[in-house]
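Q: Contents of my_file06.txt (compact mmCIF, C-alpha atoms) are below:
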# COMPACT_ATOMS: atom_id res chain seq x y z
CA MET A 25 258.93 274.22 5.93
CA ALA A 26 255.66 272.38 6.36
CA MET A 27 253.05 273.96 8.59
CA ARG A 28 252.01 271.88 11.57
CA ASP A 29 248.40 270.68 11.19
CA THR A 30 246.54 272.54 13.93
CA ARG A 31 243.03 271.30 13.02
CA LEU A 32 241.20 269.49 15.81
CA PRO A 33 241.52 265.74 15.12
CA LEU A 34 238.12 264.13 14.69
CA ARG A 35 239.40 260.67 15.62
CA THR A 36 240.94 259.69 18.90
CA PRO A 37 244.54 258.44 18.88
CA LEU A 38 243.22 255.02 19.98
CA GLY A 39 240.74 254.98 17.09
CA ARG A 40 243.55 255.80 14.66
CA ALA A 41 245.77 253.07 16.09
CA ILE A 42 243.05 250.40 15.87
CA GLY A 43 242.41 251.55 12.31
CA LEU A 44 238.91 250.15 11.80
CA GLY A 45 237.30 253.39 10.66
CA SER A 46 233.60 253.33 11.49
CA ALA A 47 233.50 249.52 11.62
CA LYS A 48 232.81 247.93 14.99
CA GLU A 49 235.14 245.02 14.38
CA GLY A 50 237.80 243.93 11.96
CA VAL A 51 238.47 240.78 9.99
CA GLU A 52 238.12 238.44 12.98
CA HIS A 53 234.79 236.93 11.91
CA TRP A 54 235.82 236.52 8.28
CA TRP A 55 239.15 235.00 9.27
CA ARG A 56 237.64 232.49 11.73
CA GLU A 57 235.14 231.37 9.09
CA ARG A 58 238.07 230.66 6.73
CA ILE A 59 240.19 228.84 9.31
CA THR A 60 237.29 226.57 10.30
CA ALA A 61 236.54 226.04 6.58
CA VAL A 62 240.12 224.91 5.93
CA ALA A 63 239.95 222.55 8.93
CA LEU A 64 236.58 221.18 7.81
CA VAL A 65 237.78 220.15 4.32
CA PRO A 66 239.84 217.12 5.51
CA LEU A 67 237.58 216.50 8.53
CA CYS A 68 234.41 216.24 6.39
CA LEU A 69 236.11 214.02 3.80
CA TRP A 70 237.36 211.76 6.61
CA PHE A 71 233.92 211.68 8.25
CA VAL A 72 232.01 210.80 5.06
CA ALA A 73 234.59 208.11 4.16
CA GLU A 74 234.22 206.57 7.62
CA ILE A 75 230.41 206.75 7.60
CA VAL A 76 230.32 205.12 4.16
CA HIS A 77 232.73 202.46 5.42
CA HIS A 78 230.58 201.85 8.52
CA ALA A 79 227.21 202.09 6.72
CA GLY A 80 224.65 199.89 8.44
CA ALA A 81 226.96 199.22 11.40
CA ASP A 82 225.30 198.42 14.73
CA ARG A 83 225.88 200.26 18.00
CA ALA A 84 228.62 197.90 19.20
CA GLU A 85 230.67 198.52 16.05
CA LEU A 86 230.20 202.29 16.36
CA ILE A 87 231.34 202.27 19.99
CA ALA A 88 234.29 200.00 19.14
CA TRP A 89 235.27 202.53 16.46
CA MET A 90 234.96 205.47 18.90
CA ARG A 91 237.21 203.59 21.38
CA HIS A 92 240.16 204.23 19.09
CA PRO A 93 241.90 207.51 19.97
CA VAL A 94 242.31 208.87 16.43
CA PRO A 95 238.63 208.61 15.34
CA ALA A 96 237.49 209.94 18.73
CA VAL A 97 239.79 212.98 18.58
CA LEU A 98 238.92 213.68 14.92
CA MET A 99 235.22 213.42 15.79
CA VAL A 100 235.63 215.98 18.62
CA LEU A 101 237.54 218.30 16.26
CA LEU A 102 234.87 217.84 13.58
CA LEU A 103 232.11 218.79 16.02
CA ALA A 104 234.02 221.81 17.36
CA ALA A 105 234.91 223.12 13.87
CA THR A 106 231.42 222.39 12.49
CA PHE A 107 229.55 224.28 15.19
CA HIS A 108 232.00 227.19 15.20
CA HIS A 109 231.63 227.47 11.41
CA THR A 110 227.84 227.04 11.64
CA ALA A 111 227.48 229.84 14.20
CA LEU A 112 229.60 232.20 12.09
CA GLY A 113 227.80 231.34 8.84
CA LEU A 114 224.27 231.57 10.20
CA GLN A 115 225.14 234.88 11.86
CA VAL A 116 225.98 236.38 8.43
CA VAL A 117 222.69 235.08 7.00
CA VAL A 118 220.74 236.65 9.88
CA GLU A 119 222.65 239.95 9.58
CA ASP A 120 221.86 240.07 5.85
CA TYR A 121 218.13 239.32 5.98
CA VAL A 122 216.78 240.30 9.40
CA GLY A 123 216.18 244.03 9.43
CA HIS A 124 214.69 244.47 12.89
CA GLU A 125 217.55 245.09 15.31
CA GLY A 126 216.00 243.32 18.28
CA ALA A 127 215.06 240.24 16.26
CA ARG A 128 218.53 240.20 14.70
CA PHE A 129 220.33 240.25 18.05
CA GLY A 130 217.91 237.73 19.54
CA LEU A 131 218.42 235.32 16.65
CA ILE A 132 222.22 235.66 16.70
CA ILE A 133 222.30 234.98 20.44
CA ALA A 134 219.93 232.00 20.01
CA ILE A 135 222.12 230.60 17.21
CA ARG A 136 225.26 230.97 19.31
CA LEU A 137 223.71 229.26 22.32
CA ALA A 138 222.21 226.46 20.21
CA CYS A 139 225.57 225.81 18.54
CA VAL A 140 227.39 225.68 21.89
CA LEU A 141 224.72 223.35 23.28
CA LEU A 142 224.82 220.99 20.27
CA ALA A 143 228.64 220.97 20.25
CA ALA A 144 228.73 220.16 23.98
CA LEU A 145 226.15 217.35 23.58
CA GLY A 146 227.99 215.84 20.60
CA ILE A 147 231.44 216.06 22.19
CA PHE A 148 230.16 214.61 25.47
CA ALA A 149 228.55 211.70 23.58
CA VAL A 150 231.81 210.98 21.74
CA LEU A 151 233.85 211.13 24.96
CA LYS A 152 231.35 208.90 26.75
CA MET A 153 231.69 206.27 24.02
CA ALA A 154 235.47 206.68 23.85
CA LEU A 155 236.15 206.57 27.59
CA GLY A 156 233.07 204.80 28.98
CA ALA A 157 233.39 201.43 30.63
CA MET B 22 209.27 264.85 -1.39
CA THR B 23 207.99 261.30 -1.05
CA PRO B 24 210.23 258.66 -2.62
CA ALA B 25 208.71 256.79 -5.55
CA ALA B 26 207.73 253.21 -4.77
CA ARG B 27 210.28 251.74 -7.14
CA PRO B 28 211.16 248.04 -6.94
CA LEU B 29 214.35 247.44 -5.01
CA SER B 30 217.39 245.94 -6.66
CA PRO B 31 217.92 243.05 -7.28
CA HIS B 32 214.45 242.76 -8.78
CA LEU B 33 214.33 238.97 -8.70
CA GLN B 34 211.16 238.55 -10.80
CA VAL B 35 212.80 239.95 -13.94
CA TYR B 36 216.37 238.96 -13.10
CA ARG B 37 217.78 236.42 -15.55
CA TRP B 38 219.04 233.29 -13.82
CA GLN B 39 222.75 232.70 -14.23
CA LEU B 40 225.17 230.11 -12.93
CA THR B 41 227.10 232.54 -10.73
CA SER B 42 224.13 233.79 -8.72
CA VAL B 43 222.46 230.37 -8.53
CA LEU B 44 225.61 228.80 -7.10
CA SER B 45 225.97 231.67 -4.64
CA ILE B 46 222.38 231.22 -3.44
CA LEU B 47 222.92 227.44 -3.26
CA HIS B 48 225.97 227.95 -1.05
CA ARG B 49 223.82 229.72 1.52
CA ALA B 50 220.89 227.33 1.13
CA THR B 51 223.09 224.26 1.61
CA GLY B 52 224.79 225.96 4.57
CA ILE B 53 221.43 226.42 6.26
CA ALA B 54 220.40 222.85 5.37
CA LEU B 55 223.65 221.50 6.83
CA SER B 56 223.09 223.53 10.02
CA LEU B 57 219.77 221.71 10.49
CA GLY B 58 221.46 218.40 9.57
CA THR B 59 223.94 218.81 12.43
CA ILE B 60 221.00 218.37 14.83
CA LEU B 61 220.49 214.84 13.43
CA LEU B 62 224.23 214.14 13.70
CA VAL B 63 224.25 215.11 17.38
CA LEU B 64 221.04 213.16 17.98
CA TRP B 65 222.67 210.07 16.43
CA LEU B 66 225.81 210.43 18.61
CA VAL B 67 223.82 211.07 21.80
CA ALA B 68 221.56 208.08 21.06
CA ALA B 69 224.57 205.85 20.45
CA ALA B 70 226.13 206.96 23.74
CA SER B 71 222.83 206.57 25.64
CA GLY B 72 221.92 202.96 24.94
CA ALA B 73 220.62 200.30 22.57
CA THR B 74 216.97 201.43 22.57
CA PRO B 75 217.54 205.12 21.70
CA TYR B 76 220.10 204.10 19.08
CA ALA B 77 217.61 201.67 17.52
CA HIS B 78 215.02 204.49 17.35
CA VAL B 79 217.42 206.87 15.58
CA GLN B 80 218.70 204.13 13.23
CA GLY B 81 215.09 203.21 12.47
CA PHE B 82 214.35 206.83 11.56
CA ILE B 83 217.50 207.14 9.38
CA GLY B 84 216.62 203.85 7.65
CA SER B 85 213.05 205.00 6.90
CA TRP B 86 212.08 206.68 3.62
CA ILE B 87 212.03 210.15 5.17
CA GLY B 88 215.36 209.46 6.85
CA LEU B 89 217.00 208.28 3.64
CA VAL B 90 215.68 211.28 1.69
CA LEU B 91 217.03 213.62 4.41
CA LEU B 92 220.35 211.75 4.42
CA PHE B 93 220.60 212.02 0.64
CA GLY B 94 219.82 215.74 0.75
CA TRP B 95 222.39 216.13 3.52
CA THR B 96 225.02 214.31 1.42
CA VAL B 97 224.38 216.50 -1.64
CA SER B 98 224.42 219.65 0.52
CA LEU B 99 227.65 218.63 2.25
CA PHE B 100 229.51 217.85 -0.97
CA TYR B 101 228.23 221.01 -2.66
CA HIS B 102 229.09 223.26 0.28
CA LEU B 103 232.50 221.56 0.59
CA CYS B 104 233.39 221.89 -3.12
CA ASN B 105 232.04 225.43 -3.43
CA GLY B 106 233.74 226.30 -0.14
CA ILE B 107 237.07 225.25 -1.64
CA ARG B 108 236.17 227.47 -4.63
CA HIS B 109 235.61 230.36 -2.20
CA LEU B 110 238.95 229.70 -0.47
CA TRP B 111 240.63 229.71 -3.88
CA TRP B 112 238.98 233.06 -4.66
CA ASP B 113 240.19 234.38 -1.29
CA THR B 114 243.76 233.97 -2.52
CA GLY B 115 242.87 236.36 -5.36
CA GLN B 116 242.90 233.63 -8.01
CA GLY B 117 240.29 232.54 -10.52
CA LEU B 118 238.18 235.70 -10.42
CA GLU B 119 238.02 236.28 -14.19
CA LEU B 120 234.56 235.48 -15.56
CA PRO B 121 235.57 232.44 -17.70
CA ALA B 122 237.41 230.96 -14.69
CA VAL B 123 234.41 231.64 -12.42
CA TYR B 124 232.10 229.75 -14.81
CA ALA B 125 234.59 226.90 -15.29
CA SER B 126 235.04 226.42 -11.52
CA GLY B 127 231.25 226.67 -11.08
CA TRP B 128 230.58 223.80 -13.48
CA ALA B 129 233.48 221.87 -11.90
CA VAL B 130 231.84 222.25 -8.47
CA LEU B 131 228.53 220.88 -9.80
CA ALA B 132 230.28 217.94 -11.49
CA ALA B 133 232.36 217.16 -8.38
CA THR B 134 229.22 217.31 -6.20
CA ALA B 135 227.43 214.81 -8.46
CA VAL B 136 230.42 212.44 -8.67
CA LEU B 137 231.14 212.50 -4.91
CA THR B 138 227.45 211.99 -4.03
CA VAL B 139 227.11 209.01 -6.40
CA LEU B 140 230.39 207.50 -5.14
CA ALA B 141 229.44 207.91 -1.46
CA TRP B 142 226.01 206.33 -1.95
CA ALA B 143 227.29 203.53 -4.18
CA PHE B 144 229.94 202.53 -1.62
CA GLY B 145 227.60 203.14 1.32
CA LEU B 146 224.84 200.96 -0.09
CA SER B 147 227.33 198.21 -1.00
CA GLN B 148 228.56 198.25 2.62
CA TRP B 149 225.00 198.16 4.02
CA GLY B 150 224.34 194.76 5.56
CA HIS B 151 227.97 193.61 5.39
Please lay out the structure from this file as C-alpha cells.

A:
Amino acid sequence: MAMRDTRLPLRTPLGRAIGLGSAKEGVEHWWRERITAVALVPLCLWFVAEIVHHAGADRAELIAWMRHPVPAVLMVLLLAATFHHTALGLQVVVEDYVGHEGARFGLIIAIRLACVLLAALGIFAVLKMALGA
Amino acid sequence: MTPAARPLSPHLQVYRWQLTSVLSILHRATGIALSLGTILLVLWLVAAASGATPYAHVQGFIGSWIGLVLLFGWTVSLFYHLCNGIRHLWWDTGQGLELPAVYASGWAVLAATAVLTVLAWAFGLSQWGH
C-alpha cells in the first residue's frame, strides 16, 4: 500500500490548477499574435491589391470606394488586426532588448497606447468616409 | 571571485552570417519598419477623411522622392514579413523544421518577396494616371 505523501506542498492548489509553473502568464500572447497573423494574410493581400488597383486615385475615388460596405468593413478589420499584431510584436522586441525594468514597462505601455490611438484614428477616418454625408 | 570579462554569446563580430539568422533578424527589422509605416497609413486615411487640402498634402508627400522610397521600402517589408510570417505559421504546425527544408523555405520567401514587390509596383505604376 502506497504511503500518503505528507510533505508540505510548495505550490498552492490554485497554482497547481493553473499550471503555469513560475511563468506569469500562459500562451495568450503567443496565441493572439498567431490569430492576428492568420487574419492579416488575406487582409494584407486584399489591401495591397486594392491600393495597386487604385494607385494615383484622387480623394473622391477613395471616398467612393470607402462608401461600399465590404471595403469599409475589411479596412476596419485590417486596422484592428494590424495594430493588435503591432502591439504584440513590438512588446516582444522591447522585452528582448530593453534590460531596465522601468524603461521596459514604460515603453510597453507607450506602445500599447500609441497602437490604440492609431487604430482609433484610422477606424474613425474609415467610418467617417463610409458613413459621412 | 570576479567573473572574467568574456564576450557574451552570440559574439556577432566573429559570427558567420547565414541565411537562417539573417532572415530571422529581417523578420524583426521589417516588423519594426512596418510599425512605423502604419503611422503613414493612418495619416493618409485621416487626411482623406478630413478634406481636400490635407489629402493633397499627404498625396504630395507620398508622390515625392522620399515618399516613393518609403513606400517602396514599406512594400518590400510588408511582402517579406507576410511571406516569412506564413513560414513561421507553417513551422508552428511542427512542419518544415529540418535544416534543408528551413533553407528551401528561406530562399522561397526571398524569391516570393521579390516577385510580389515587382508585380505590385509594375501594376501600380501602370495604373498611375489612369

Q: Residues of chain A no more than 8 Å from chain B, counting all atoms listed in the file: send them over as a list in words.

A: Arg58, Ala61, Val65, Val72, Ala73, Ile75, Val76, His77, His78, Ala79, Gly80, Ala81, Arg83, Leu86, Ile87, Thr110, Gly113, Leu114, Val117, Leu142, Ala143, Leu145, Gly146, Ala149, Val150, Lys152 and Met153 of chain A

Q: In Å, with one decimal, what is the gap from CA of Trp95 (chain B) to CA of Gly58 (chain B)?

A: 6.5 Å

Q: Might I get the box with edges along x, y and z of the file that holds all atoms of region 36-49 of chain A listed there, padded by 6 Å on every side, given as centre and edge lengths in Å to one decimal, as JSON?

A:
{"center_x": 239.3, "center_y": 252.4, "center_z": 15.3, "size_x": 25.0, "size_y": 26.7, "size_z": 21.3}

Q: Using only C-alpha atoms for the distances, tell me which of A:Val100, A:Leu141, A:Leu69, A:Val116 is nearest to Phe129 (chain A).

A: A:Val116

Q: In Å, rounded to a single decimal, give me how far CA of Arg108 (chain B) is from CA of Ala47 (chain A).

A: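 Going from CA of Ala47 (chain A) over to CA of Arg108 (chain B), I get 27.5 Å.
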
Q: Please list, as a list in words, the residues that have an atom at most 6 Å away from (228.4, 226.8, -2.9) in the coordinates of this file, counting all atoms listed in the file.

A: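 The distance filter leaves exactly Leu44, Ser45, Leu47, His48, Tyr101, His102 and Asn105 of chain B.
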
Q: CA of Leu137 (chain B) and CA of Ser98 (chain B) are how many Å apart?

A: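 Atom-to-atom, CA of Leu137 (chain B) to CA of Ser98 (chain B), that is 11.2 Å.
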
Q: Using only C-alpha atoms, which residues sit within 9 Å of Ala104 (chain A) once same-chain residues fewer than 6 positions away are excluded, as a VMD selection string?

A: chain A and resid 140 143 to 144 147

Q: Measuring atom to atom with only C-alpha atoms, identify which of A:Leu67, A:Thr60, A:Gly123, A:Val51 is nearest to Val97 (chain A).

A: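 Looking at the shortest contact to Val97 (chain A), the residue is A:Leu67.
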
Q: Env of Glu119 (chain A): 12 Å cut, atoms = all atoms listed in the file, seq-sep filter 5 positions within chain, self excluded. Answer as JSON, numbers by chain.

A: {"A": [112, 113, 114, 124, 125, 126, 127, 128, 129, 130, 131, 132, 133]}
